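> What follows is coords_15.pdb; its format and atoms are PDB, C-alpha atoms and all ligand atoms.
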```pdb
ATOM      1  CA  MET A   1      -8.075  38.344  13.820
ATOM      2  CA  THR A   2      -5.903  38.323  10.730
ATOM      3  CA  ARG A   3      -6.536  38.037   7.001
ATOM      4  CA  THR A   4      -3.012  37.091   5.937
ATOM      5  CA  THR A   5      -0.903  33.955   6.275
ATOM      6  CA  GLU A   6       2.068  34.089   8.624
ATOM      7  CA  SER A   7       5.563  34.120   7.162
ATOM      8  CA  ILE A   8       7.039  30.773   8.150
ATOM      9  CA  THR A   9      10.446  31.301   9.757
ATOM     10  CA  PRO A  10      12.671  28.243  10.385
ATOM     11  CA  GLN A  11      11.777  28.501  14.067
ATOM     12  CA  LEU A  12       8.054  28.525  13.293
ATOM     13  CA  GLN A  13       8.536  25.590  10.889
ATOM     14  CA  SER A  14      10.122  23.609  13.730
ATOM     15  CA  TYR A  15       7.218  24.482  15.984
ATOM     16  CA  ILE A  16       4.731  23.379  13.302
ATOM     17  CA  SER A  17       6.559  20.055  12.913
ATOM     18  CA  ASP A  18       6.675  19.541  16.675
ATOM     19  CA  HIS A  19       2.930  20.098  16.908
ATOM     20  CA  SER A  20       1.833  17.927  14.008
ATOM     21  CA  GLU A  21       1.477  14.152  13.880
ATOM     22  CA  PRO A  22       4.981  12.638  13.912
ATOM     23  CA  VAL A  23       5.847  10.444  10.934
ATOM     24  CA  ASP A  24       6.103   6.720  11.557
ATOM     25  CA  ASP A  25       9.127   4.505  10.830
ATOM     26  CA  VAL A  26       8.072   3.608   7.270
ATOM     27  CA  LEU A  27       7.761   7.242   6.148
ATOM     28  CA  ALA A  28      10.907   8.242   8.059
ATOM     29  CA  ASP A  29      12.887   5.405   6.440
ATOM     30  CA  LEU A  30      11.492   6.245   3.007
ATOM     31  CA  ALA A  31      12.566   9.893   3.374
ATOM     32  CA  GLU A  32      15.998   8.799   4.600
ATOM     33  CA  GLU A  33      16.480   6.242   1.804
ATOM     34  CA  THR A  34      15.371   8.722  -0.866
ATOM     35  CA  ALA A  35      17.869  11.294   0.448
ATOM     36  CA  ARG A  36      20.649   8.680   0.458
ATOM     37  CA  LEU A  37      19.946   7.186  -2.983
ATOM     38  CA  PHE A  38      18.876  10.299  -4.859
ATOM     39  CA  PRO A  39      20.315  13.289  -2.962
ATOM     40  CA  GLU A  40      19.887  15.690  -5.874
ATOM     41  CA  TYR A  41      16.150  14.894  -6.099
ATOM     42  CA  THR A  42      15.170  14.903  -2.425
ATOM     43  CA  GLY A  43      13.353  18.226  -2.865
ATOM     44  CA  MET A  44      10.792  16.499  -5.077
ATOM     45  CA  GLN A  45       9.287  14.648  -2.126
ATOM     46  CA  ILE A  46       6.393  16.241  -0.258
ATOM     47  CA  GLY A  47       7.029  17.195   3.364
ATOM     48  CA  PRO A  48       5.700  15.414   6.444
ATOM     49  CA  GLU A  49       2.936  17.891   7.332
ATOM     50  CA  GLN A  50       1.676  17.907   3.764
ATOM     51  CA  GLY A  51       1.680  14.124   3.813
ATOM     52  CA  THR A  52      -0.410  14.044   6.967
ATOM     53  CA  LEU A  53      -2.776  16.650   5.519
ATOM     54  CA  MET A  54      -3.216  14.523   2.394
ATOM     55  CA  THR A  55      -3.964  11.410   4.459
ATOM     56  CA  LEU A  56      -6.543  13.389   6.418
ATOM     57  CA  LEU A  57      -8.117  14.937   3.296
ATOM     58  CA  THR A  58      -8.395  11.516   1.695
ATOM     59  CA  ARG A  59     -10.015  10.107   4.818
ATOM     60  CA  ILE A  60     -12.302  13.085   5.529
ATOM     61  CA  SER A  61     -13.528  13.198   1.932
ATOM     62  CA  GLY A  62     -14.387   9.498   2.016
ATOM     63  CA  ALA A  63     -12.489   8.972  -1.256
ATOM     64  CA  ARG A  64     -12.429   5.351  -2.466
ATOM     65  CA  ASP A  65     -10.850   5.736  -5.898
ATOM     66  CA  ALA A  66      -7.801   7.940  -6.246
ATOM     67  CA  VAL A  67      -5.169   8.702  -8.862
ATOM     68  CA  GLU A  68      -1.702  10.162  -8.426
ATOM     69  CA  ILE A  69       0.282  11.798 -11.209
ATOM     70  CA  GLY A  70       3.951  11.801 -10.209
ATOM     71  CA  THR A  71       4.901   9.086  -7.714
ATOM     72  CA  PHE A  72       8.722   9.294  -7.424
ATOM     73  CA  THR A  73       9.764   7.100  -4.451
ATOM     74  CA  GLY A  74       6.243   6.793  -3.097
ATOM     75  CA  TYR A  75       5.934   9.150  -0.132
ATOM     76  CA  SER A  76       2.754  10.917  -1.301
ATOM     77  CA  SER A  77       1.154   7.724  -2.600
ATOM     78  CA  LEU A  78       1.744   6.069   0.750
ATOM     79  CA  CYS A  79       0.033   8.999   2.474
ATOM     80  CA  LEU A  80      -2.921   8.865   0.070
ATOM     81  CA  ALA A  81      -3.252   5.077   0.313
ATOM     82  CA  ARG A  82      -3.340   5.276   4.093
ATOM     83  CA  GLY A  83      -6.358   7.578   3.893
ATOM     84  CA  LEU A  84      -8.369   5.182   1.735
ATOM     85  CA  PRO A  85     -10.944   2.855   3.273
ATOM     86  CA  GLU A  86     -10.851  -0.948   3.023
ATOM     87  CA  GLY A  87     -11.296  -1.797  -0.672
ATOM     88  CA  GLY A  88     -10.100   1.652  -1.803
ATOM     89  CA  ARG A  89      -7.828   1.934  -4.851
ATOM     90  CA  LEU A  90      -4.995   4.261  -5.871
ATOM     91  CA  LEU A  91      -3.719   4.394  -9.450
ATOM     92  CA  ALA A  92      -0.142   5.733  -9.356
ATOM     93  CA  LEU A  93       1.324   7.141 -12.587
ATOM     94  CA  ASP A  94       5.008   7.782 -13.248
ATOM     95  CA  ILE A  95       7.655   7.263 -15.907
ATOM     96  CA  SER A  96      10.545   6.077 -13.736
ATOM     97  CA  GLU A  97      11.102   2.387 -13.069
ATOM     98  CA  GLU A  98      14.081   3.197 -10.851
ATOM     99  CA  TRP A  99      12.340   5.665  -8.532
ATOM    100  CA  THR A 100       9.107   3.708  -8.266
ATOM    101  CA  ALA A 101      11.004   0.513  -7.352
ATOM    102  CA  VAL A 102      11.750   2.241  -4.037
ATOM    103  CA  ALA A 103       8.063   3.137  -3.753
ATOM    104  CA  ARG A 104       6.961  -0.474  -4.248
ATOM    105  CA  ARG A 105       9.170  -1.713  -1.412
ATOM    106  CA  HIS A 106       7.805   0.840   1.026
ATOM    107  CA  TRP A 107       4.181   0.247  -0.002
ATOM    108  CA  GLU A 108       4.757  -3.430   0.814
ATOM    109  CA  ARG A 109       6.275  -2.622   4.157
ATOM    110  CA  ALA A 110       3.403  -0.269   5.029
ATOM    111  CA  GLY A 111       0.843  -2.924   4.091
ATOM    112  CA  VAL A 112      -0.828  -0.815   1.373
ATOM    113  CA  ALA A 113       0.685  -2.406  -1.756
ATOM    114  CA  ASP A 114      -2.527  -4.311  -2.489
ATOM    115  CA  ARG A 115      -4.494  -1.089  -2.910
ATOM    116  CA  ILE A 116      -2.025   0.628  -5.272
ATOM    117  CA  THR A 117      -1.677  -0.017  -9.014
ATOM    118  CA  LEU A 118       1.450   1.495 -10.567
ATOM    119  CA  ARG A 119       1.339   2.340 -14.258
ATOM    120  CA  LEU A 120       4.594   3.376 -15.915
ATOM    121  CA  GLY A 121       4.521   5.687 -18.929
ATOM    122  CA  PRO A 122       3.735   9.322 -19.743
ATOM    123  CA  ALA A 123       0.862  10.228 -17.434
ATOM    124  CA  LEU A 124      -1.104  12.108 -20.089
ATOM    125  CA  GLU A 125      -1.240   8.964 -22.208
ATOM    126  CA  SER A 126      -2.196   6.828 -19.191
ATOM    127  CA  LEU A 127      -5.029   9.226 -18.326
ATOM    128  CA  ARG A 128      -6.290   9.369 -21.902
ATOM    129  CA  ALA A 129      -6.370   5.582 -22.011
ATOM    130  CA  LEU A 130      -8.886   5.553 -19.133
ATOM    131  CA  ALA A 131     -12.631   5.617 -19.769
ATOM    132  CA  PRO A 132     -13.737   9.257 -20.079
ATOM    133  CA  GLU A 133     -16.461   9.026 -17.427
ATOM    134  CA  PRO A 134     -16.303   9.945 -13.712
ATOM    135  CA  GLN A 135     -14.387   7.294 -11.787
ATOM    136  CA  PHE A 136     -12.154   9.079  -9.247
ATOM    137  CA  ASP A 137     -12.946  10.757  -5.947
ATOM    138  CA  LEU A 138      -9.509  12.276  -5.506
ATOM    139  CA  ALA A 139      -6.515  13.149  -7.692
ATOM    140  CA  PHE A 140      -3.050  14.346  -6.697
ATOM    141  CA  VAL A 141      -1.014  16.143  -9.363
ATOM    142  CA  ASP A 142       2.760  16.331  -8.816
ATOM    143  CA  ALA A 143       4.550  15.505 -12.100
ATOM    144  CA  ASP A 144       6.065  17.781 -14.780
ATOM    145  CA  LYS A 145       4.785  21.303 -14.225
ATOM    146  CA  GLU A 146       4.459  22.023 -17.952
ATOM    147  CA  GLY A 147       1.885  19.221 -18.068
ATOM    148  CA  TYR A 148      -0.448  20.427 -15.280
ATOM    149  CA  VAL A 149      -3.057  22.068 -17.550
ATOM    150  CA  GLY A 150      -3.206  18.966 -19.733
ATOM    151  CA  TYR A 151      -3.630  16.742 -16.665
ATOM    152  CA  TRP A 152      -6.356  19.046 -15.366
ATOM    153  CA  GLU A 153      -8.402  18.791 -18.540
ATOM    154  CA  GLU A 154      -8.172  14.983 -18.502
ATOM    155  CA  LEU A 155      -8.898  14.725 -14.773
ATOM    156  CA  VAL A 156     -11.943  16.936 -14.272
ATOM    157  CA  PRO A 157     -14.301  14.869 -16.494
ATOM    158  CA  ARG A 158     -13.083  11.711 -14.720
ATOM    159  CA  LEU A 159     -13.831  13.098 -11.236
ATOM    160  CA  ARG A 160     -17.102  12.248  -9.559
ATOM    161  CA  PRO A 161     -19.204  15.186  -8.302
ATOM    162  CA  GLY A 162     -17.663  16.334  -5.020
ATOM    163  CA  GLY A 163     -14.303  14.897  -6.071
ATOM    164  CA  LEU A 164     -11.064  16.646  -5.114
ATOM    165  CA  VAL A 165      -7.943  17.571  -7.020
ATOM    166  CA  LEU A 166      -4.814  18.330  -4.996
ATOM    167  CA  ALA A 167      -2.057  19.993  -7.017
ATOM    168  CA  ASP A 168       1.453  20.441  -5.651
ATOM    169  CA  ASN A 169       4.009  23.226  -6.174
ATOM    170  CA  THR A 170       1.446  25.843  -7.127
ATOM    171  CA  LEU A 171       3.653  28.598  -5.655
ATOM    172  CA  SER A 172       6.667  27.421  -7.648
ATOM    173  CA  HIS A 173       8.938  28.428  -4.755
ATOM    174  CA  GLY A 174       7.603  31.979  -4.969
ATOM    175  CA  ARG A 175       8.499  32.308  -8.640
ATOM    176  CA  VAL A 176       4.829  32.615  -9.702
ATOM    177  CA  VAL A 177       5.037  36.305  -8.736
ATOM    178  CA  ASP A 178       8.487  36.947 -10.210
ATOM    179  CA  ALA A 179       7.644  38.722 -13.467
ATOM    180  CA  ASP A 180      11.205  38.129 -14.727
ATOM    181  CA  ASN A 181      10.838  34.363 -14.514
ATOM    182  CA  ALA A 182       9.427  32.911 -17.708
ATOM    183  CA  SER A 183      10.798  29.365 -17.385
ATOM    184  CA  PRO A 184       8.525  26.662 -18.810
ATOM    185  CA  ARG A 185       7.937  25.188 -15.347
ATOM    186  CA  VAL A 186       6.857  28.499 -13.828
ATOM    187  CA  ARG A 187       4.749  29.384 -16.871
ATOM    188  CA  GLY A 188       3.099  25.966 -16.599
ATOM    189  CA  ILE A 189       2.144  26.600 -12.977
ATOM    190  CA  ARG A 190       0.896  30.137 -13.660
ATOM    191  CA  GLU A 191      -1.232  28.880 -16.535
ATOM    192  CA  PHE A 192      -2.604  26.107 -14.314
ATOM    193  CA  ASN A 193      -3.437  28.506 -11.451
ATOM    194  CA  ASP A 194      -5.122  30.945 -13.864
ATOM    195  CA  ARG A 195      -7.083  28.127 -15.509
ATOM    196  CA  LEU A 196      -8.521  26.958 -12.183
ATOM    197  CA  VAL A 197      -9.667  30.419 -11.128
ATOM    198  CA  ALA A 198     -11.576  30.724 -14.417
ATOM    199  CA  ASP A 199     -13.029  27.198 -14.231
ATOM    200  CA  ASP A 200     -16.584  27.275 -12.898
ATOM    201  CA  ARG A 201     -16.692  23.476 -12.550
ATOM    202  CA  VAL A 202     -14.733  23.746  -9.287
ATOM    203  CA  THR A 203     -14.223  25.692  -6.070
ATOM    204  CA  GLN A 204     -10.563  26.022  -5.239
ATOM    205  CA  VAL A 205      -8.123  27.378  -2.685
ATOM    206  CA  LEU A 206      -4.338  27.682  -2.883
ATOM    207  CA  LEU A 207      -2.945  26.656   0.504
ATOM    208  CA  PRO A 208       0.486  27.937   1.600
ATOM    209  CA  ILE A 209       1.771  24.565   2.792
ATOM    210  CA  GLY A 210       5.076  23.285   1.430
ATOM    211  CA  ASP A 211       5.527  24.849  -2.003
ATOM    212  CA  GLY A 212       1.792  25.574  -2.324
ATOM    213  CA  LEU A 213      -0.952  22.967  -2.455
ATOM    214  CA  THR A 214      -4.092  23.783  -4.408
ATOM    215  CA  LEU A 215      -7.265  22.063  -3.332
ATOM    216  CA  ALA A 216     -10.084  22.068  -5.895
ATOM    217  CA  ARG A 217     -13.520  20.455  -5.440
ATOM    218  CA  LYS A 218     -15.685  19.598  -8.397
ATOM    219  CA  HIS A 219     -19.301  20.725  -8.027
TER
HETATM  220  C1  LIG A 301       7.951  15.904  -7.853
HETATM  221  S1  LIG A 301       8.159  14.225  -8.255
HETATM  222  C2  LIG A 301       6.825  13.453  -7.409
HETATM  223  C3  LIG A 301       7.047  13.410  -5.925
HETATM  224  C4  LIG A 301       6.100  12.513  -5.177
HETATM  225  N1  LIG A 301       4.726  12.955  -5.345
HETATM  226  C5  LIG A 301       6.470  12.467  -3.712
HETATM  227  O1  LIG A 301       5.868  13.176  -2.924
HETATM  228  O2  LIG A 301       7.413  11.753  -3.370
HETATM  229  C6  LIG A 301       7.675  14.173  -9.922
HETATM  230  C7  LIG A 301       7.550  12.802 -10.536
HETATM  231  O3  LIG A 301       6.881  12.963 -11.797
HETATM  232  C8  LIG A 301       7.388  12.025 -12.690
HETATM  233  N2  LIG A 301       7.108  12.501 -14.050
HETATM  234  C9  LIG A 301       7.688  13.525 -14.709
HETATM  235  N3  LIG A 301       7.148  13.669 -15.923
HETATM  236  C10 LIG A 301       6.192  12.706 -16.040
HETATM  237  C11 LIG A 301       5.270  12.334 -17.054
HETATM  238  N4  LIG A 301       5.223  12.982 -18.218
HETATM  239  N5  LIG A 301       4.450  11.305 -16.819
HETATM  240  C12 LIG A 301       4.482  10.635 -15.637
HETATM  241  N6  LIG A 301       5.319  10.956 -14.642
HETATM  242  C13 LIG A 301       6.167  11.971 -14.837
HETATM  243  C14 LIG A 301       8.867  11.922 -12.364
HETATM  244  O4  LIG A 301       9.389  10.682 -12.791
HETATM  245  C15 LIG A 301       8.856  12.087 -10.842
HETATM  246  O5  LIG A 301       8.873  10.845 -10.198
END
```
Written as structure tokens, how would this file's structure read?
Ligand SMILES: C[S@@+](CC[C@H](N)C(=O)[O-])C[C@H]1O[C@@H](n2cnc3c(N)ncnc32)[C@H](O)[C@@H]1O

Amino acid sequence: MTRTTESITPQLQSYISDHSEPVDDVLADLAEETARLFPEYTGMQIGPEQGTLMTLLTRISGARDAVEIGTFTGYSSLCLARGLPEGGRLLALDISEEWTAVARRHWERAGVADRITLRLGPALESLRALAPEPQFDLAFVDADKEGYVGYWEELVPRLRPGGLVLADNTLSHGRVVDADNASPRVRGIREFNDRLVADDRVTQVLLPIGDGLTLARKH
């Protein structure tokens, strides 16, 4: 029995990949195209195991209405959309026409385009323009890290009871525990993590997958 998480060596990471669901051609091509077109931004995309976990969480939770903040070239939205049932909806929010054009093509190819609505513009404004009542079963937060707390405060009232928030990069590549790092991005993540722990509307856990994925369930 152990109470700590293993350190993930490259060898262990390979083993994890080899023993998780392999990605299909659409996701593999999307990852390859993103790396080719936008090599300096490839690190923004979630990894394959996280994608599979998000599909499973969406499916297990029975979510029908989902929202994503930070779409980029569409890998995470494709994983979320695949977990939705027939008639399910995903609202995808981003500011980049160029990056989300790649997303649209791959949503089409995967046969999920009809369940995704893309809204371009600052996500905080898009959220505030929505009715303030509960309407989502699941939210994925993966845009500007300085904005996480603001997104949280707009999302929680719009989540149905039992709804989930998944928030990416909550370890900030380990920088959350580097006292010398006071960059706005890292401060944004620390503030977000501290806010959740103090928020009695939710139960949350910070999972050490990828760069940290926080899972919070509204009571
Ligand atoms: C880390 S990437 C998202 C990666 C994506 N979830 C994936 O797995 O492929 C962050 C995205 O947030 C978007 N973004 C940054 N600031 C934003 C804002 N204020 N409103 C909406 N989107 C924003 C960027 O355009 C970028 O596509």
> Tell me, as a PyMOL selection string, which residues lie within 12 Å of Gly121 in chain A, counting all atoms listed in the file; anything in the same chain fewer than 6 positions away does not count.
chain A and resi 69-71+92-97+100+127-129+143
> Within 7 Å of (6.1, 17.7, -9.8), in the coordinates the file gives, what residues turn up when you count only C-alpha atoms, written out as a ChimeraX atom specification?
/A:44,70,142-145,168-169
> Could you write out that same residue set with C-alpha atoms as an mmCIF file, in the frame of the given file?

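Writing done, so here's again-v9.cif:
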```cif
data_model
loop_
_atom_site.group_PDB
_atom_site.id
_atom_site.type_symbol
_atom_site.label_atom_id
_atom_site.label_comp_id
_atom_site.auth_asym_id
_atom_site.auth_seq_id
_atom_site.Cartn_x
_atom_site.Cartn_y
_atom_site.Cartn_z
ATOM 1 C CA MET A 44 10.792 16.499 -5.077
ATOM 2 C CA GLY A 70 3.951 11.801 -10.209
ATOM 3 C CA ASP A 142 2.760 16.331 -8.816
ATOM 4 C CA ALA A 143 4.550 15.505 -12.100
ATOM 5 C CA ASP A 144 6.065 17.781 -14.780
ATOM 6 C CA LYS A 145 4.785 21.303 -14.225
ATOM 7 C CA ASP A 168 1.453 20.441 -5.651
ATOM 8 C CA ASN A 169 4.009 23.226 -6.174
#
```
> Residues around (5.1, 23.2, 11.3), cut-off 10 Å, counting all atoms listed in the file - what are they as JSON, numbers by chain?
{"A": [8, 9, 10, 11, 12, 13, 14, 15, 16, 17, 18, 19, 20, 48, 49, 50, 209, 210]}
> Which is closer to Arg201 in chain A than all the others in A:Arg64, A:Arg105, A:Lys218, A:Arg115, using all atoms listed in the file?
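Checking each candidate against Arg201 in chain A, we get A:Lys218 as the closest.
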> Just checking: using all atoms listed in the file, which residue out of A:Val177, A:Leu90, A:Leu207, A:Leu30 ends up closest to Leu53 in chain A?
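Closest to Leu53 in chain A, using all atoms listed in the file: A:Leu207.
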> Give, as lines of an AutoDock Vina configuration file, the centre coordinates and the x, y and z edge lengths in Å to one decimal for an axis-aligned box around all listed atoms of ligand LIG 301 (chain A), padded by 4 Å on each side.

```
center_x = 6.9
center_y = 13.3
center_z = -10.6
size_x = 12.9
size_y = 13.3
size_z = 23.3
```
> What is the distance, in Å and to one decimal place, between atom C5 of ligand LIG 301 (chain A) and CA of His219 in chain A?
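Rounded to one decimal, the two atoms are 27.4 Å apart.
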> In Å, with one decimal, what is the gap from CA of Leu78 in chain A to CA of Leu155 in chain A?
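These atoms are spaced 20.7 Å apart.
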> Given the choices A:Ala35, A:Leu56, A:Ala113, A:Leu124, which gets closest to ligand LIG 301 (chain A) if the distance is worked out from only C-alpha atoms and all ligand atoms?
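The closest residue to ligand LIG 301 (chain A) is A:Leu124.
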> When you draw a straight line from CA of Leu206 in chain A to CA of Glu21 in chain A, how long is it in Å?
22.3 Å
> Excluding Val156 in chain A and residues on its chain fewer than 5 positions from it, collect all residues at most 9 Å away from it, counting all atoms listed in the file, and give them as a list in words.
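The residues that qualify are Pro134, Tyr151, Gly163, Val165, Arg201, Val202 and Lys218 of chain A.
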> Decode the PyMOL selection byres (((chain A and resi 188) around 12) and not hetatm) for the given file into explicit residues and return them as a count of residues only.
30
> Could you check which of A:Asp199, A:Glu68, A:Glu154, A:Glu133 is closest to ligand LIG 301 (chain A), using only C-alpha atoms and all ligand atoms?
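For ligand LIG 301 (chain A), the nearest of the candidates is A:Glu68.
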> Applied to this file, what does the PyMOL selection byres (((chain A and resi 27) around 12) and not hetatm) return in terms of residues, put as a PyMOL selection string?
chain A and resi 22-26+28-34+45-49+51-52+73-79+82+103+105-107+109-110
> Find the residue from A:Ala131, A:Val102, A:Leu120, A:Leu138 that sits nearest to Ala63 in chain A; use all atoms listed in the file when measuring.
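For Ala63 in chain A, the nearest of the given residues is A:Leu138.
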> Calculated over only C-alpha atoms, which of the candidates A:Gly162, A:Asp211, A:Asp137, A:Thr58 has the smallest distance to Gly43 in chain A?
A:Asp211
> If the PyMOL selection byres (((chain A and resi 88) around 10) and not hetatm) were run on this exact file, what residues would it hold? Put them as an mmCIF file with C-alpha atoms, in the coordinates of the input.

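As a result, result_8.cif now contains:
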```cif
data_model
loop_
_atom_site.group_PDB
_atom_site.id
_atom_site.type_symbol
_atom_site.label_atom_id
_atom_site.label_comp_id
_atom_site.auth_asym_id
_atom_site.auth_seq_id
_atom_site.Cartn_x
_atom_site.Cartn_y
_atom_site.Cartn_z
ATOM 1 C CA GLY A 62 -14.387 9.498 2.016
ATOM 2 C CA ALA A 63 -12.489 8.972 -1.256
ATOM 3 C CA ARG A 64 -12.429 5.351 -2.466
ATOM 4 C CA ASP A 65 -10.850 5.736 -5.898
ATOM 5 C CA ALA A 66 -7.801 7.940 -6.246
ATOM 6 C CA ALA A 81 -3.252 5.077 0.313
ATOM 7 C CA ARG A 82 -3.340 5.276 4.093
ATOM 8 C CA GLY A 83 -6.358 7.578 3.893
ATOM 9 C CA LEU A 84 -8.369 5.182 1.735
ATOM 10 C CA PRO A 85 -10.944 2.855 3.273
ATOM 11 C CA GLU A 86 -10.851 -0.948 3.023
ATOM 12 C CA GLY A 87 -11.296 -1.797 -0.672
ATOM 13 C CA ARG A 89 -7.828 1.934 -4.851
ATOM 14 C CA LEU A 90 -4.995 4.261 -5.871
ATOM 15 C CA ASP A 114 -2.527 -4.311 -2.489
ATOM 16 C CA ARG A 115 -4.494 -1.089 -2.910
ATOM 17 C CA ILE A 116 -2.025 0.628 -5.272
#
```
